[in-house]
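As structure tokens, the structure follows; a few thoughts come after it.
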Amino acid sequence: MSVTQQQVLECLARVMSPRGVALTNANVLSAITVTDGKVFFSINVDAAEARAWESVRAEAENAVRAIPGVSAAMIALTAERKAGAAPAAPPPRPAGGVLPAAAHRHPHPPGAASPMARQAEIPGISAVIAVASGKGGVGKSTTALNLALGLRDLGLRVGLLDADIYGPSVPRLTGIRNKPQLNDDKKMIPIQRFGLSIMSIGFLVEEETAMIWRGPMVMSAITQMLRDVAWGTLDVLVVDMPPGTGDAQLTLAQNVPLKGAVIISTPQDLSLIDARRGLAMFKKVNVPVLGIVENMSYFQCPHCGTRSDIFGHGGARHEAERLGVPFLGEIPLHMAIRTTSDSGHPVVESEPDGPHAAIYRAIGAKVREQLKAAIAAA
């Protein structure tokens, strides 16, 4: 049964705002997106009233999920301060006197609860790790998937969460086209492929859909994919993060006690500059850095065997040494990695006895050892 926007609106008309007005008449709803039974929208309110609206958001989400044919609903509460309105409790100003645009980007006021106080383990998952990069285009998603497969080959039970909201790559990298189903508890069941439990925002929207979402919508989506998925029992959940150091990274760090982060970089200076930012961010939120991987490290001609350092070489290793974090390994720029990724059959799975699979497994072994230390320290 297909779900329509009109059905969603009729449902929301029965949900009352804090002032007793039907949600559809409260002038707070964003555009409603309905795709294959997946419903997305936000409720936009003034920041001073956000606390009173949280129960309304939860009621609206439950009501939408109860519509026959709805398989998932992601509803964010977006709170903005009206122009000219003064904040109730002004945050401390950083050096230079310029306030950050978003409240969650500055240190919490003295005496206030730390954002990290919201952290809670995901039942059944021993360790959650982030695979991140300071910029796009460095092969982060390909590395995350093959790292997950390398950890699987080491005998671990592994899940992969594609949290790259704006550019989910895992559906293409794994060849998964089907949609996740719901269990009796209304939680999404991850797709099983290659011995991994896999979830991606790309499973819920069409490949060419533009994800034009504000920060709170991104944060809500990531939280739901962490908490509203029946992950089962896993030794490691590998989270493929979007590039950068923004809302998605902070949401993950604030919601889940991460056991570590793996930073992906290429050898050249421009990539290393951004990798430093990612590393610094995780350190600032007390997430252990498991190490740096140098992707596209070198190119070896398949015909003559000549090696070419297209992007330079060794930059990530030197950076790891300089910053005092582990260097996890070098991954070459090779046609086999690209073609297997494009075809949905990652190289660790399709060429398990090849040299590239061995590299990813070696990186996985170092990550596993780092996780043992992180878990012991925790």
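Chain labels run A, B, ... following the order of the structure tokens; each chain numbers its residues from 1, and ligands are numbered from 1 in the order shown.
Taking only C-alpha atoms, the non-local environment of stretch 229-233 of chain A within 6 Å (same-chain residues fewer than 4 positions away omitted) comprises Gly124, Ile125, Lys187, Met188, Ile189 and Met225 of chain A.
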Keeping only C-alpha atoms, write the selected residues as a tab-separated table (two decimals), in the first residue's frame.
chain	number	residue	atom	x	y	z
A	124	GLY	CA	24.35	-5.93	21.79
A	125	ILE	CA	27.23	-3.95	20.25
A	187	LYS	CA	12.83	-1.40	14.27
A	188	MET	CA	14.52	-1.64	10.90
A	189	ILE	CA	16.26	-4.93	10.17
A	225	MET	CA	19.88	4.67	12.33
**Message:** What's around A:Ala73 at 12 Å? Count only C-alpha atoms, leave out sequence neighbours fewer than 3 positions away in its own chain, and write the answer as JSON, numbers by chain.
**Reply:** {"A": [3, 8, 32, 33, 34, 35, 36, 37, 38, 39, 40, 41, 42, 57, 58, 59, 60, 61, 62, 63, 64, 65, 66, 67, 69, 70, 76, 182, 186, 187, 188, 201, 204, 205, 217, 220, 221, 224, 225, 228]}
Using the selection just defined, write its residues with N, CA and C atoms as a short mmCIF file (atom, residue, chain, number, x, y, z; two decimals), in the first residue's frame.
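As a result, selection_32.cif now contains:
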data_model
loop_
_atom_site.label_atom_id
_atom_site.label_comp_id
_atom_site.auth_asym_id
_atom_site.auth_seq_id
_atom_site.Cartn_x
_atom_site.Cartn_y
_atom_site.Cartn_z
N VAL A 3 1.85 5.17 0.43
CA VAL A 3 1.48 6.23 1.36
C VAL A 3 1.58 7.56 0.63
N VAL A 8 -0.45 11.60 5.35
CA VAL A 8 0.40 12.09 6.44
C VAL A 8 -0.19 13.37 7.03
N ILE A 32 6.91 17.78 3.28
CA ILE A 32 6.87 16.38 3.66
C ILE A 32 7.29 15.53 2.47
N THR A 33 8.29 14.69 2.70
CA THR A 33 8.77 13.79 1.66
C THR A 33 8.33 12.37 1.97
N VAL A 34 7.70 11.72 1.00
CA VAL A 34 7.26 10.34 1.16
C VAL A 34 7.86 9.54 0.01
N THR A 35 8.69 8.56 0.34
CA THR A 35 9.36 7.73 -0.67
C THR A 35 9.30 6.27 -0.25
N ASP A 36 8.56 5.46 -1.01
CA ASP A 36 8.49 4.02 -0.74
C ASP A 36 8.16 3.72 0.72
N GLY A 37 7.19 4.44 1.26
CA GLY A 37 6.78 4.19 2.63
C GLY A 37 7.65 4.84 3.67
N LYS A 38 8.68 5.60 3.26
CA LYS A 38 9.55 6.32 4.19
C LYS A 38 9.11 7.78 4.22
N VAL A 39 8.87 8.31 5.42
CA VAL A 39 8.35 9.66 5.58
C VAL A 39 9.41 10.53 6.27
N PHE A 40 9.70 11.69 5.68
CA PHE A 40 10.69 12.61 6.24
C PHE A 40 10.10 14.01 6.28
N PHE A 41 10.22 14.69 7.41
CA PHE A 41 9.92 16.12 7.48
C PHE A 41 10.46 16.65 8.79
N SER A 42 10.41 17.97 8.96
CA SER A 42 10.86 18.57 10.21
C SER A 42 9.79 19.50 10.75
N ARG A 57 6.82 16.37 18.82
CA ARG A 57 7.59 15.68 17.77
C ARG A 57 7.49 14.16 17.93
N ALA A 58 7.65 13.69 19.16
CA ALA A 58 7.56 12.25 19.40
C ALA A 58 6.16 11.72 19.10
N GLU A 59 5.14 12.47 19.48
CA GLU A 59 3.76 12.05 19.20
C GLU A 59 3.50 12.01 17.69
N ALA A 60 4.00 13.02 16.98
CA ALA A 60 3.83 13.05 15.53
C ALA A 60 4.54 11.87 14.87
N GLU A 61 5.73 11.57 15.33
CA GLU A 61 6.48 10.45 14.76
C GLU A 61 5.76 9.14 14.97
N ASN A 62 5.25 8.93 16.19
CA ASN A 62 4.51 7.69 16.48
C ASN A 62 3.24 7.61 15.64
N ALA A 63 2.57 8.75 15.45
CA ALA A 63 1.33 8.76 14.67
C ALA A 63 1.61 8.43 13.21
N VAL A 64 2.68 8.99 12.66
CA VAL A 64 3.01 8.73 11.26
C VAL A 64 3.40 7.27 11.07
N ARG A 65 4.16 6.72 12.01
CA ARG A 65 4.58 5.32 11.90
C ARG A 65 3.40 4.36 11.94
N ALA A 66 2.30 4.80 12.55
CA ALA A 66 1.11 3.95 12.65
C ALA A 66 0.27 3.93 11.37
N ILE A 67 0.60 4.81 10.41
CA ILE A 67 -0.14 4.83 9.14
C ILE A 67 0.16 3.54 8.37
N GLY A 69 1.30 1.10 5.75
CA GLY A 69 2.20 1.30 4.62
C GLY A 69 3.45 2.08 4.94
N VAL A 70 3.50 2.75 6.11
CA VAL A 70 4.70 3.48 6.50
C VAL A 70 5.69 2.50 7.13
N ALA A 76 12.44 15.53 12.50
CA ALA A 76 13.38 16.32 13.29
C ALA A 76 12.70 17.55 13.85
N LEU A 182 10.79 -4.08 8.74
CA LEU A 182 10.61 -3.79 10.15
C LEU A 182 10.33 -5.06 10.93
N LYS A 186 8.98 -2.57 15.48
CA LYS A 186 9.04 -1.42 14.57
C LYS A 186 10.47 -0.90 14.38
N LYS A 187 11.44 -1.77 14.55
CA LYS A 187 12.83 -1.40 14.27
C LYS A 187 13.22 -1.94 12.91
N MET A 188 14.07 -1.20 12.21
CA MET A 188 14.52 -1.64 10.90
C MET A 188 15.51 -2.79 11.04
N ILE A 201 21.30 5.23 4.91
CA ILE A 201 20.22 6.14 4.55
C ILE A 201 19.88 5.97 3.08
N LEU A 204 16.82 4.01 2.13
CA LEU A 204 15.51 4.60 2.40
C LEU A 204 15.09 5.63 1.37
N VAL A 205 16.03 6.10 0.54
CA VAL A 205 15.70 7.10 -0.47
C VAL A 205 16.27 6.64 -1.81
N MET A 217 17.98 17.76 11.15
CA MET A 217 17.44 16.62 10.41
C MET A 217 18.52 15.56 10.24
N SER A 220 18.97 13.87 13.62
CA SER A 220 17.86 12.96 13.91
C SER A 220 17.99 11.67 13.11
N ALA A 221 18.37 11.78 11.83
CA ALA A 221 18.49 10.59 10.98
C ALA A 221 19.59 9.66 11.50
N GLN A 224 18.48 7.88 14.67
CA GLN A 224 17.53 6.81 14.41
C GLN A 224 18.22 5.59 13.80
N MET A 225 19.20 5.82 12.93
CA MET A 225 19.88 4.67 12.33
C MET A 225 20.75 3.94 13.36
N ASP A 228 17.27 2.88 16.17
CA ASP A 228 16.04 2.24 15.69
C ASP A 228 16.32 1.14 14.67
#
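One finds atom CA of A:Leu226 at 25.2 Å from atom CA of A:Val45.
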**Request:** Give me every alpha helix (DSSP H) residue in stretch 271-349 of chain A, going by DSSP on the backbone, as a PyMOL selection string.
**Result:** chain A and resi 271-284+315-323+335-342+347-349
What does the file look like for those residues with C-alpha atoms, as an mmCIF file, in the first residue's frame?
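Output contents, as saved in out.cif:
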data_model
loop_
_atom_site.group_PDB
_atom_site.id
_atom_site.type_symbol
_atom_site.label_atom_id
_atom_site.label_comp_id
_atom_site.auth_asym_id
_atom_site.auth_seq_id
_atom_site.Cartn_x
_atom_site.Cartn_y
_atom_site.Cartn_z
ATOM 1 C CA SER A 271 44.332 16.067 2.216
ATOM 2 C CA LEU A 272 46.601 15.904 5.258
ATOM 3 C CA ILE A 273 45.543 19.390 6.358
ATOM 4 C CA ASP A 274 41.919 18.250 6.467
ATOM 5 C CA ALA A 275 42.877 14.960 8.113
ATOM 6 C CA ARG A 276 44.483 16.964 10.932
ATOM 7 C CA ARG A 277 41.187 18.766 11.493
ATOM 8 C CA GLY A 278 39.312 15.481 11.740
ATOM 9 C CA LEU A 279 41.864 14.075 14.123
ATOM 10 C CA ALA A 280 41.752 17.207 16.274
ATOM 11 C CA MET A 281 37.961 17.078 16.442
ATOM 12 C CA PHE A 282 37.866 13.498 17.697
ATOM 13 C CA LYS A 283 40.511 14.277 20.303
ATOM 14 C CA LYS A 284 38.480 17.287 21.451
ATOM 15 C CA GLY A 315 52.661 11.931 3.984
ATOM 16 C CA ALA A 316 50.126 10.136 6.180
ATOM 17 C CA ARG A 317 52.818 8.009 7.822
ATOM 18 C CA HIS A 318 54.891 11.088 8.658
ATOM 19 C CA GLU A 319 51.782 12.875 9.925
ATOM 20 C CA ALA A 320 50.902 9.931 12.177
ATOM 21 C CA GLU A 321 54.425 9.938 13.590
ATOM 22 C CA ARG A 322 54.323 13.690 14.121
ATOM 23 C CA LEU A 323 50.979 13.536 15.927
ATOM 24 C CA MET A 335 42.106 -0.704 -10.890
ATOM 25 C CA ALA A 336 40.944 -3.844 -9.063
ATOM 26 C CA ILE A 337 39.805 -1.851 -6.023
ATOM 27 C CA ARG A 338 37.920 0.613 -8.211
ATOM 28 C CA THR A 339 36.211 -1.934 -10.485
ATOM 29 C CA THR A 340 35.127 -4.251 -7.656
ATOM 30 C CA SER A 341 33.731 -1.280 -5.752
ATOM 31 C CA ASP A 342 31.770 -0.010 -8.737
ATOM 32 C CA VAL A 347 37.828 -6.508 -3.310
ATOM 33 C CA VAL A 348 38.144 -8.254 0.074
ATOM 34 C CA GLU A 349 35.073 -10.325 -0.832
#
**Message:** For a test of reading the model, state the distance in Å between atom CA of A:Val285 and atom CA of A:Ala362, rounded to one decimal.
**Reply:** 27.8 Å
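Considering the residues A:Leu328, A:Ile292, A:Leu250, A:Leu333 and counting only C-alpha atoms, A:Asp309 has its shortest atom-to-atom contact with A:Leu333.
Rounded to one decimal, atom CA of A:Val15 and atom CA of A:Lys179 lie 28.8 Å from each other.
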